[in-house]
$ cat data01.tsv   # TSV, C-alpha atoms
chain	number	residue	atom	x	y	z
A	1	MET	CA	-7.25	-32.38	-32.92
A	2	ASP	CA	-3.84	-31.04	-34.01
A	3	ALA	CA	-0.30	-31.64	-32.84
A	4	LEU	CA	-0.55	-29.13	-29.99
A	5	SER	CA	-3.97	-29.73	-28.52
A	6	CYS	CA	-7.04	-31.93	-28.62
A	7	GLU	CA	-10.67	-30.85	-28.68
A	8	ARG	CA	-11.45	-33.33	-25.87
A	9	GLU	CA	-8.92	-31.88	-23.39
A	10	GLN	CA	-11.66	-30.01	-21.61
A	11	GLU	CA	-13.69	-33.18	-21.13
A	12	VAL	CA	-10.65	-34.85	-19.57
A	13	LEU	CA	-10.18	-31.95	-17.18
A	14	GLU	CA	-13.87	-31.97	-16.27
A	15	ALA	CA	-13.64	-35.69	-15.52
A	16	ILE	CA	-10.64	-35.18	-13.21
A	17	LYS	CA	-12.33	-32.26	-11.50
A	18	ALA	CA	-15.49	-34.28	-10.93
A	19	GLY	CA	-13.43	-37.21	-9.64
A	20	TYR	CA	-14.96	-39.86	-11.89
A	21	TRP	CA	-11.98	-40.63	-14.04
A	22	ARG	CA	-11.55	-44.36	-14.81
A	23	ALA	CA	-8.48	-45.40	-16.76
A	24	GLU	CA	-9.70	-48.89	-17.43
A	25	GLY	CA	-13.20	-47.76	-18.32
A	26	ASP	CA	-14.85	-48.65	-21.59
A	27	ASP	CA	-16.51	-45.30	-21.95
A	28	PRO	CA	-15.59	-43.29	-25.06
A	29	LEU	CA	-13.48	-40.76	-23.13
A	30	SER	CA	-11.29	-43.43	-21.49
A	31	GLN	CA	-10.81	-45.11	-24.85
A	32	HIS	CA	-9.90	-41.77	-26.37
A	33	VAL	CA	-7.30	-40.99	-23.69
A	34	ARG	CA	-5.64	-44.37	-24.22
A	35	ALA	CA	-5.26	-43.50	-27.90
A	36	CYS	CA	-4.52	-39.76	-27.71
A	37	ALA	CA	-1.01	-38.60	-26.70
A	38	VAL	CA	-2.17	-35.05	-26.01
A	39	CYS	CA	-4.99	-36.10	-23.68
A	40	ALA	CA	-2.72	-38.62	-21.92
A	41	ASP	CA	-0.26	-35.78	-21.20
A	42	VAL	CA	-3.09	-33.52	-20.08
A	43	LEU	CA	-4.36	-36.22	-17.74
A	44	MET	CA	-0.94	-36.90	-16.20
A	45	VAL	CA	0.04	-33.27	-15.77
A	46	ALA	CA	-3.34	-32.18	-14.44
A	47	ARG	CA	-3.50	-34.98	-11.88
A	48	PHE	CA	0.08	-34.31	-10.77
A	49	LEU	CA	-0.51	-30.59	-10.38
A	50	ARG	CA	-3.83	-31.03	-8.59
A	51	GLU	CA	-2.16	-33.37	-6.13
A	52	GLU	CA	0.62	-30.83	-5.69
A	53	SER	CA	-1.91	-28.08	-5.11
A	54	ARG	CA	-3.75	-30.18	-2.52
A	55	LEU	CA	-0.51	-30.99	-0.68
A	56	ALA	CA	0.81	-27.43	-0.79
A	57	ALA	CA	-2.48	-26.06	0.51
A	58	SER	CA	-2.53	-28.56	3.37
A	59	GLU	CA	1.09	-27.83	4.32
A	60	ALA	CA	0.71	-24.05	4.27
A	61	SER	CA	1.39	-22.17	7.49
A	62	LEU	CA	-0.55	-19.05	6.74
A	63	PRO	CA	-0.13	-15.75	8.55
A	64	GLU	CA	-3.04	-14.76	10.79
A	65	VAL	CA	-5.65	-12.89	8.76
A	66	GLY	CA	-5.94	-10.05	11.29
A	67	ILE	CA	-2.23	-9.32	11.07
A	68	VAL	CA	-2.27	-9.31	7.27
A	69	PHE	CA	-5.18	-6.86	7.20
A	70	TRP	CA	-3.66	-4.65	9.92
A	71	LYS	CA	-0.35	-4.41	8.06
A	72	ALA	CA	-2.05	-3.74	4.75
A	73	ARG	CA	-3.99	-0.90	6.37
A	74	LEU	CA	-0.81	0.45	7.95
A	75	LEU	CA	0.97	0.47	4.60
A	76	ALA	CA	-2.01	2.21	3.01
A	77	ARG	CA	-1.89	4.89	5.70
A	78	ARG	CA	1.85	5.37	5.27
A	79	ALA	CA	1.51	5.67	1.50
A	80	ALA	CA	-1.28	8.23	1.93
A	81	ALA	CA	0.76	10.20	4.48
A	82	ASP	CA	3.75	10.23	2.14
A	83	LYS	CA	1.59	11.44	-0.71
A	84	ALA	CA	-0.13	14.10	1.37
A	85	GLY	CA	3.11	15.31	2.94
A	86	GLN	CA	5.05	15.62	-0.28
A	87	PRO	CA	3.78	19.05	-1.43
A	88	VAL	CA	4.28	20.49	2.07
A	89	ALA	CA	7.83	19.21	2.29
A	90	ILE	CA	8.68	20.49	-1.19
A	91	THR	CA	7.19	23.92	-0.40
A	92	GLN	CA	9.18	24.09	2.84
A	93	SER	CA	12.39	23.27	1.04
A	94	ILE	CA	11.70	25.77	-1.72
A	95	ALA	CA	10.97	28.50	0.86
A	96	CYS	CA	14.21	27.74	2.73
A	97	GLY	CA	16.20	27.71	-0.48
A	98	SER	CA	14.72	31.00	-1.68
A	99	GLY	CA	15.44	32.66	1.68
A	100	LEU	CA	19.03	31.52	1.64
A	101	LEU	CA	19.54	32.57	-1.97
A	102	ALA	CA	18.08	35.99	-1.19
A	103	ALA	CA	20.42	36.36	1.81
A	104	LEU	CA	23.40	35.31	-0.28
A	105	GLY	CA	22.40	37.67	-3.10
A	106	LEU	CA	22.00	40.59	-0.72
A	107	ALA	CA	25.36	39.89	0.88
A	108	ILE	CA	27.10	39.89	-2.51
A	109	TRP	CA	25.16	42.89	-3.82
A	110	ASP	CA	25.89	45.10	-0.81
A	111	TRP	CA	29.14	43.58	0.43
A	112	PRO	CA	30.59	46.88	1.88
A	113	LYS	CA	27.59	47.17	4.20
A	114	VAL	CA	28.01	43.58	5.32
A	115	GLN	CA	31.70	44.24	5.94
A	116	SER	CA	30.94	47.25	8.11
A	117	TRP	CA	28.34	45.22	10.02
A	118	LEU	CA	30.90	42.48	10.54
A	119	SER	CA	33.53	45.00	11.72
A	120	ASN	CA	31.03	46.38	14.28
A	121	LEU	CA	30.38	42.84	15.41
A	122	ALA	CA	34.12	42.17	15.61
A	123	HIS	CA	34.58	45.23	17.87
A	124	LEU	CA	32.01	43.87	20.26
A	125	TRP	CA	33.62	40.41	20.37
A	126	PRO	CA	35.88	40.25	23.45
A	127	ALA	CA	38.01	37.33	22.23
A	128	ARG	CA	39.09	38.95	18.93
A	129	ASP	CA	42.73	39.12	20.09
A	130	VAL	CA	42.86	35.36	20.09
A	131	PHE	CA	42.58	35.44	16.28
A	132	GLY	CA	45.33	37.98	15.84
A	133	SER	CA	44.79	41.32	14.17
A	134	PHE	CA	41.39	42.98	13.87
A	135	TRP	CA	41.29	42.60	10.03
A	136	GLY	CA	42.27	38.97	10.28
A	137	PHE	CA	39.35	38.33	12.62
A	138	GLN	CA	36.94	40.20	10.36
A	139	SER	CA	37.98	38.08	7.37
A	140	TYR	CA	37.57	34.96	9.46
A	141	LEU	CA	34.04	36.01	10.44
A	142	SER	CA	33.14	36.70	6.79
A	143	ILE	CA	34.34	33.27	5.76
A	144	VAL	CA	32.31	31.63	8.54
A	145	VAL	CA	29.12	33.47	7.55
A	146	MET	CA	29.54	32.72	3.83
A	147	SER	CA	30.41	29.07	4.48
A	148	SER	CA	27.37	28.64	6.70
A	149	LEU	CA	25.11	30.11	4.05
A	150	LEU	CA	26.61	27.86	1.39
A	151	ALA	CA	26.31	24.78	3.64
A	152	LEU	CA	22.64	25.56	4.30
A	153	LEU	CA	22.03	26.07	0.61
A	154	SER	CA	23.64	22.70	-0.20
A	155	LEU	CA	21.47	21.07	2.45
A	156	VAL	CA	18.32	22.51	0.90
A	157	VAL	CA	19.36	21.41	-2.59
A	158	TYR	CA	20.13	17.92	-1.26
A	159	THR	CA	16.75	17.71	0.53
A	160	LEU	CA	14.92	18.78	-2.60
A	161	SER	CA	16.68	16.25	-4.79
A	162	ALA	CA	16.07	13.50	-2.19
A	163	GLU	CA	12.35	14.35	-2.21
A	164	GLU	CA	12.23	13.91	-5.96
B	1	MET	CA	12.22	11.70	6.06
B	2	ALA	CA	11.47	15.08	7.55
B	3	HIS	CA	7.91	15.34	6.32
B	4	GLU	CA	7.10	11.88	7.71
B	5	MET	CA	8.15	13.01	11.18
B	6	TYR	CA	6.19	16.20	10.74
B	7	PHE	CA	3.02	14.36	9.80
B	8	SER	CA	3.35	11.63	12.39
B	9	GLU	CA	3.26	14.31	15.08
B	10	THR	CA	0.21	16.18	13.96
B	11	TYR	CA	-3.48	15.63	14.18
B	12	LEU	CA	-3.47	15.40	10.40
B	13	ASP	CA	-2.03	11.93	10.79
B	14	LEU	CA	-5.10	10.72	12.63
B	15	ALA	CA	-7.49	12.41	10.23
B	16	LEU	CA	-5.60	10.93	7.32
B	17	ALA	CA	-5.62	7.45	8.88
B	18	ASP	CA	-9.40	7.61	9.26
B	19	ALA	CA	-9.80	8.80	5.69
B	20	VAL	CA	-7.56	6.01	4.42
B	21	ASP	CA	-9.42	3.36	6.44
B	22	GLU	CA	-12.73	4.55	5.06
B	23	SER	CA	-11.44	4.63	1.51
B	24	LEU	CA	-10.11	1.06	1.57
B	25	PRO	CA	-12.13	-1.00	-0.90
B	26	MET	CA	-12.62	-3.78	1.65
B	27	ASP	CA	-13.47	-3.80	5.34
B	28	GLU	CA	-11.92	-6.29	7.74
B	29	GLU	CA	-14.94	-8.58	7.81
B	30	SER	CA	-15.10	-9.01	4.04
B	31	PHE	CA	-11.35	-9.38	3.94
B	32	ARG	CA	-11.52	-12.25	6.43
B	33	ALA	CA	-14.06	-14.08	4.29
B	34	PHE	CA	-12.05	-13.46	1.14
B	35	TYR	CA	-8.82	-14.60	2.82
B	36	ALA	CA	-10.43	-17.82	4.03
B	37	MET	CA	-11.45	-18.58	0.47
B	38	THR	CA	-8.24	-17.64	-1.34
B	39	ALA	CA	-5.26	-17.97	1.02
B	40	ARG	CA	-4.57	-21.68	0.56
B	41	PRO	CA	-4.86	-21.74	-3.24
B	42	LEU	CA	-2.71	-18.62	-3.45
B	43	TRP	CA	-0.12	-20.12	-1.12
B	44	ALA	CA	-0.03	-23.34	-3.18
B	45	TYR	CA	0.42	-21.36	-6.40
B	46	LEU	CA	3.27	-19.22	-5.08
B	47	ALA	CA	5.02	-22.00	-3.18
B	48	ARG	CA	5.03	-24.45	-6.06
B	49	VAL	CA	5.71	-22.01	-8.88
B	50	LEU	CA	8.52	-20.33	-6.94
B	51	GLY	CA	9.85	-23.54	-5.41
B	52	ASN	CA	10.96	-21.55	-2.36
B	53	ALA	CA	8.77	-21.43	0.74
B	54	GLU	CA	10.45	-18.39	2.33
B	55	LEU	CA	10.15	-16.32	-0.79
B	56	ALA	CA	6.60	-17.56	-1.28
B	57	LYS	CA	5.77	-16.30	2.21
B	58	ASP	CA	7.04	-12.80	1.37
B	59	LEU	CA	5.23	-12.62	-1.94
B	60	PHE	CA	2.07	-14.08	-0.39
B	61	GLN	CA	1.88	-11.24	2.13
B	62	GLU	CA	2.86	-8.59	-0.38
B	63	THR	CA	0.09	-9.83	-2.69
B	64	TYR	CA	-2.56	-9.25	-0.02
B	65	TYR	CA	-1.08	-5.87	0.98
B	66	ARG	CA	-1.34	-4.69	-2.61
B	67	PHE	CA	-4.77	-6.23	-3.05
B	68	VAL	CA	-6.21	-4.46	0.00
B	69	ARG	CA	-4.79	-1.10	-1.07
B	70	ALA	CA	-5.66	-1.36	-4.75
B	71	ARG	CA	-8.35	0.90	-6.15
B	72	ARG	CA	-10.35	-1.48	-8.28
B	73	PRO	CA	-13.82	-1.42	-9.73
B	74	ASP	CA	-16.64	-3.39	-8.09
B	75	MET	CA	-16.05	-7.03	-8.80
B	76	SER	CA	-17.68	-10.39	-8.25
B	77	GLU	CA	-16.03	-12.90	-5.92
B	78	THR	CA	-14.49	-14.68	-8.92
B	79	GLY	CA	-13.29	-11.38	-10.33
B	80	ARG	CA	-11.61	-10.49	-7.06
B	81	LYS	CA	-9.92	-13.86	-6.87
B	82	SER	CA	-8.72	-13.47	-10.42
B	83	TYR	CA	-7.43	-9.98	-9.58
B	84	LEU	CA	-5.57	-11.34	-6.54
B	85	PHE	CA	-3.84	-13.98	-8.64
B	86	ARG	CA	-2.96	-11.37	-11.23
B	87	VAL	CA	-1.27	-9.29	-8.52
B	88	ALA	CA	0.63	-12.40	-7.39
B	89	THR	CA	1.69	-13.20	-10.95
B	90	ASN	CA	2.94	-9.65	-11.46
B	91	LEU	CA	5.00	-9.97	-8.30
B	92	LEU	CA	6.40	-13.28	-9.56
B	93	ARG	CA	7.31	-11.66	-12.86
B	94	ASP	CA	8.99	-8.74	-11.09
B	95	HIS	CA	10.93	-11.17	-8.95
B	96	TRP	CA	12.12	-13.17	-11.96
B	97	ARG	CA	13.02	-10.03	-13.85
B	98	ARG	CA	14.99	-8.62	-10.92
B	99	SER	CA	16.83	-11.79	-10.08
B	100	GLY	CA	17.31	-12.93	-13.67
B	101	ILE	CA	16.36	-16.45	-12.57
B	102	LEU	CA	15.20	-18.73	-15.33
B	103	THR	CA	15.00	-22.01	-13.45
B	104	VAL	CA	14.95	-22.97	-9.82
B	105	PRO	CA	18.05	-24.83	-8.56
B	106	ILE	CA	17.39	-28.50	-9.12
B	107	ASP	CA	18.77	-31.94	-8.69
B	108	GLU	CA	20.74	-32.25	-11.92
B	109	ASN	CA	20.51	-36.03	-11.86
B	110	ALA	CA	16.74	-36.10	-11.63
B	111	GLU	CA	16.20	-35.79	-15.36
B	112	ALA	CA	18.83	-38.33	-16.25
B	113	SER	CA	17.76	-40.98	-13.78
B	114	GLY	CA	16.03	-44.10	-15.06
B	115	VAL	CA	12.42	-45.12	-14.65
B	116	GLU	CA	11.46	-46.04	-11.09
B	117	HIS	CA	8.78	-48.31	-9.73
B	118	PRO	CA	5.62	-46.19	-9.23
B	119	ALA	CA	5.24	-47.18	-5.58
B	120	GLU	CA	8.76	-45.97	-4.79
B	121	ALA	CA	8.18	-42.75	-6.65
B	122	ILE	CA	4.90	-42.08	-4.85
B	123	ASP	CA	6.50	-42.80	-1.48
B	124	ARG	CA	9.01	-40.09	-2.26
B	125	TRP	CA	6.54	-37.48	-3.46
B	126	SER	CA	8.72	-34.70	-2.09
B	127	ASP	CA	11.40	-35.84	-4.52
B	128	VAL	CA	8.90	-36.03	-7.35
B	129	ARG	CA	7.83	-32.50	-6.55
B	130	ARG	CA	11.27	-31.31	-7.58
B	131	LEU	CA	10.46	-32.31	-11.15
B	132	PHE	CA	8.25	-29.28	-11.40
B	133	GLY	CA	11.29	-27.16	-10.59
B	134	LEU	CA	13.00	-28.43	-13.72
B	135	LEU	CA	10.66	-26.30	-15.79
B	136	LYS	CA	11.19	-22.62	-16.44
B	137	PRO	CA	9.27	-20.27	-14.10
B	138	ARG	CA	6.93	-19.13	-16.83
B	139	GLU	CA	6.21	-22.74	-17.81
B	140	ARG	CA	5.38	-23.57	-14.21
B	141	ALA	CA	3.08	-20.56	-13.96
B	142	ILE	CA	1.11	-21.30	-17.12
B	143	LEU	CA	0.75	-25.00	-16.32
B	144	TRP	CA	-0.58	-24.10	-12.88
B	145	MET	CA	-3.04	-21.60	-14.29
B	146	ALA	CA	-4.25	-24.03	-16.94
B	147	TYR	CA	-4.55	-27.21	-14.89
B	148	VAL	CA	-5.07	-26.12	-11.29
B	149	GLU	CA	-7.00	-22.91	-11.75
B	150	GLY	CA	-8.58	-23.99	-15.03
B	151	LEU	CA	-8.00	-20.69	-16.83
B	152	ALA	CA	-8.55	-20.23	-20.55
B	153	HIS	CA	-5.63	-19.34	-22.81
B	154	LYS	CA	-6.78	-15.73	-23.05
B	155	GLU	CA	-6.83	-15.31	-19.27
B	156	ILE	CA	-3.41	-16.94	-18.94
B	157	ALA	CA	-2.05	-14.59	-21.59
B	158	GLU	CA	-3.37	-11.57	-19.68
B	159	ARG	CA	-1.85	-12.69	-16.41
B	160	VAL	CA	1.54	-13.67	-17.77
B	161	GLY	CA	1.81	-10.76	-20.18
B	162	LEU	CA	1.81	-12.71	-23.45
B	163	ARG	CA	-0.29	-12.72	-26.59
B	164	ALA	CA	-3.11	-15.27	-26.48
B	165	ASN	CA	-1.67	-17.01	-29.56
B	166	SER	CA	1.64	-17.61	-27.78
B	167	VAL	CA	0.06	-19.48	-24.88
B	168	ARG	CA	-0.98	-22.58	-26.82
B	169	PRO	CA	2.50	-23.64	-28.06
B	170	LEU	CA	4.07	-22.67	-24.72
B	171	LEU	CA	1.52	-24.70	-22.82
B	172	PHE	CA	2.03	-27.63	-25.14
B	173	ARG	CA	5.82	-27.60	-24.71
B	174	ALA	CA	5.62	-27.21	-20.93
B	175	ARG	CA	3.03	-30.00	-20.63
B	176	ARG	CA	5.02	-32.33	-22.86
B	177	LYS	CA	8.19	-31.62	-20.84
B	178	LEU	CA	6.53	-32.29	-17.48
B	179	ALA	CA	4.70	-35.38	-18.74
B	180	GLU	CA	7.99	-36.77	-20.01
B	181	LEU	CA	9.69	-36.11	-16.66
B	182	LEU	CA	6.82	-37.81	-14.82
B	183	ARG	CA	7.02	-40.85	-17.10
B	184	ARG	CA	10.77	-41.12	-16.55
B	185	LYS	CA	10.15	-40.99	-12.84
B	186	GLY	CA	7.84	-43.94	-13.18
B	187	LEU	CA	4.67	-42.04	-12.35
B	188	GLY	CA	2.96	-42.63	-15.69
B	189	PRO	CA	0.89	-45.65	-14.65
B	190	PHE	CA	-0.07	-44.06	-11.34
B	191	LEU	CA	-1.20	-40.77	-12.85
B	192	LEU	CA	-2.94	-42.36	-15.82
B	193	GLY	CA	-4.63	-44.93	-13.59
B	194	SER	CA	-8.00	-44.64	-11.95
$ encode --input "data01.tsv" --output "structure tokens"
Amino acid sequence: MDALSCEREQEVLEAIKAGYWRAEGDDPLSQHVRACAVCADVLMVARFLREESRLAASEASLPEVGIVFWKARLLARRAAADKAGQPVAITQSIACGSGLLAALGLAIWDWPKVQSWLSNLAHLWPARDVFGSFWGFQSYLSIVVMSSLLALLSLVVYTLSAEE
Amino acid sequence: MAHEMYFSETYLDLALADAVDESLPMDEESFRAFYAMTARPLWAYLARVLGNAELAKDLFQETYYRFVRARRPDMSETGRKSYLFRVATNLLRDHWRRSGILTVPIDENAEASGVEHPAEAIDRWSDVRRLFGLLKPRERAILWMAYVEGLAHKEIAERVGLRANSVRPLLFRARRKLAELLRRKGLGPFLLGS
């Protein structure tokens, strides 16, 4: 025995577990507990906690086992679906982003061609007078196209970062 | 998220669900038997160590969700029970770490109050129960493991995330503290008696 523990602690615990503990007994273990501070503490604490455990277990209102299993299975399925879907979602986002970047790059690289395409489009648009002069409308259309591309690109970048 | 919607609307979802069900380490029948054996002890552990029934309910369910989904090697019944309690203890530790809680709110006068007559104290066991809440969460956990579950120091160390050498002094201090509180409450003669 030292200050922190006693070699007979286990015997005390076994006696409690078996339910044959007798405080007033003349057996060597009872005599030892009366003289040993460590074993007296062990006895008190173990009996208190075992009573607590018994009470807590009897008071428990446990969820129905079928529901617990069903929900566990559902969560497992969801986790598996998330895991399986992740590469697909990332690939989709990368494909969208690449397409948009390519479109943006082409537009910048061959801007005169895009301008002429936009001017043809502006000629066909019946409501161009509403926006004032022809050149004003063409600039407006260019801004709309570029802004849309940039907005889509931001969306793809956001989706990708959210995935990660 | 977008990919969740995509998958929930395809046949892949069903195929995946079947594959997941088959890969679960436990079928429903074995789970029912295991639950019948472990649910009450697990509930008692969480409820008393946490000192909060609502929180205990959440962690109780989460423990079983994680247990069912966990990929673990083949184990004996005792091994599985031990694994379940380890999952629960990890959840307790996460909860304490997140919330920064060191002790459960307690009746501040409980410790200072004088010795009562044992019969009065036993009649008010619910009040006595609060004494356990005066200990730190880790102290409550290791006392429970040592004296309710009967674990060895090494096993306690593994579950709580300590070195085996650290368990002995911690257990001693926690036991001494609780024994002293029980004596002050007048429960000494009752608990030491036959």
$ residues_around --input "data01.tsv" --residues "B:Arg69" --least-positions-apart "6" --cutoff "9 Å" --atoms "only C-alpha atoms" --output "PyMOL selection string"
(chain A and resi 72-73+75-76) or (chain B and resi 24-26)
$ atom_distance --input "data01.tsv" --atom1 "atom CA of A:Ser148" --atom2 "atom CA of A:Gln86"
26.8 Å
$ atom_distance --input "data01.tsv" --atom1 "atom CA of A:Gln115" --atom2 "atom CA of A:Leu100"
18.5 Å
$ interface_residues --input "data01.tsv" --of "chain A" --to "chain B" --cutoff "8 Å" --atoms "all atoms listed in the file" --output "ChimeraX atom specification"
/A:4-5,13,21-24,40-50,52-54,56-58,60,62,65-66,68-69,71-73,75-77,80-82,85-86,88-89
$ atom_distance --input "data01.tsv" --atom1 "atom CA of B:Ser99" --atom2 "atom CA of B:Leu59"
14.2 Å
$ residues_around --input "data01.tsv" --residues "B:Arg159" --least-positions-apart "2" --cutoff "10 Å" --atoms "only C-alpha atoms" --output "PyMOL selection string"
chain B and resi 82-83+85-90+93+141-142+145+153-157+161-162
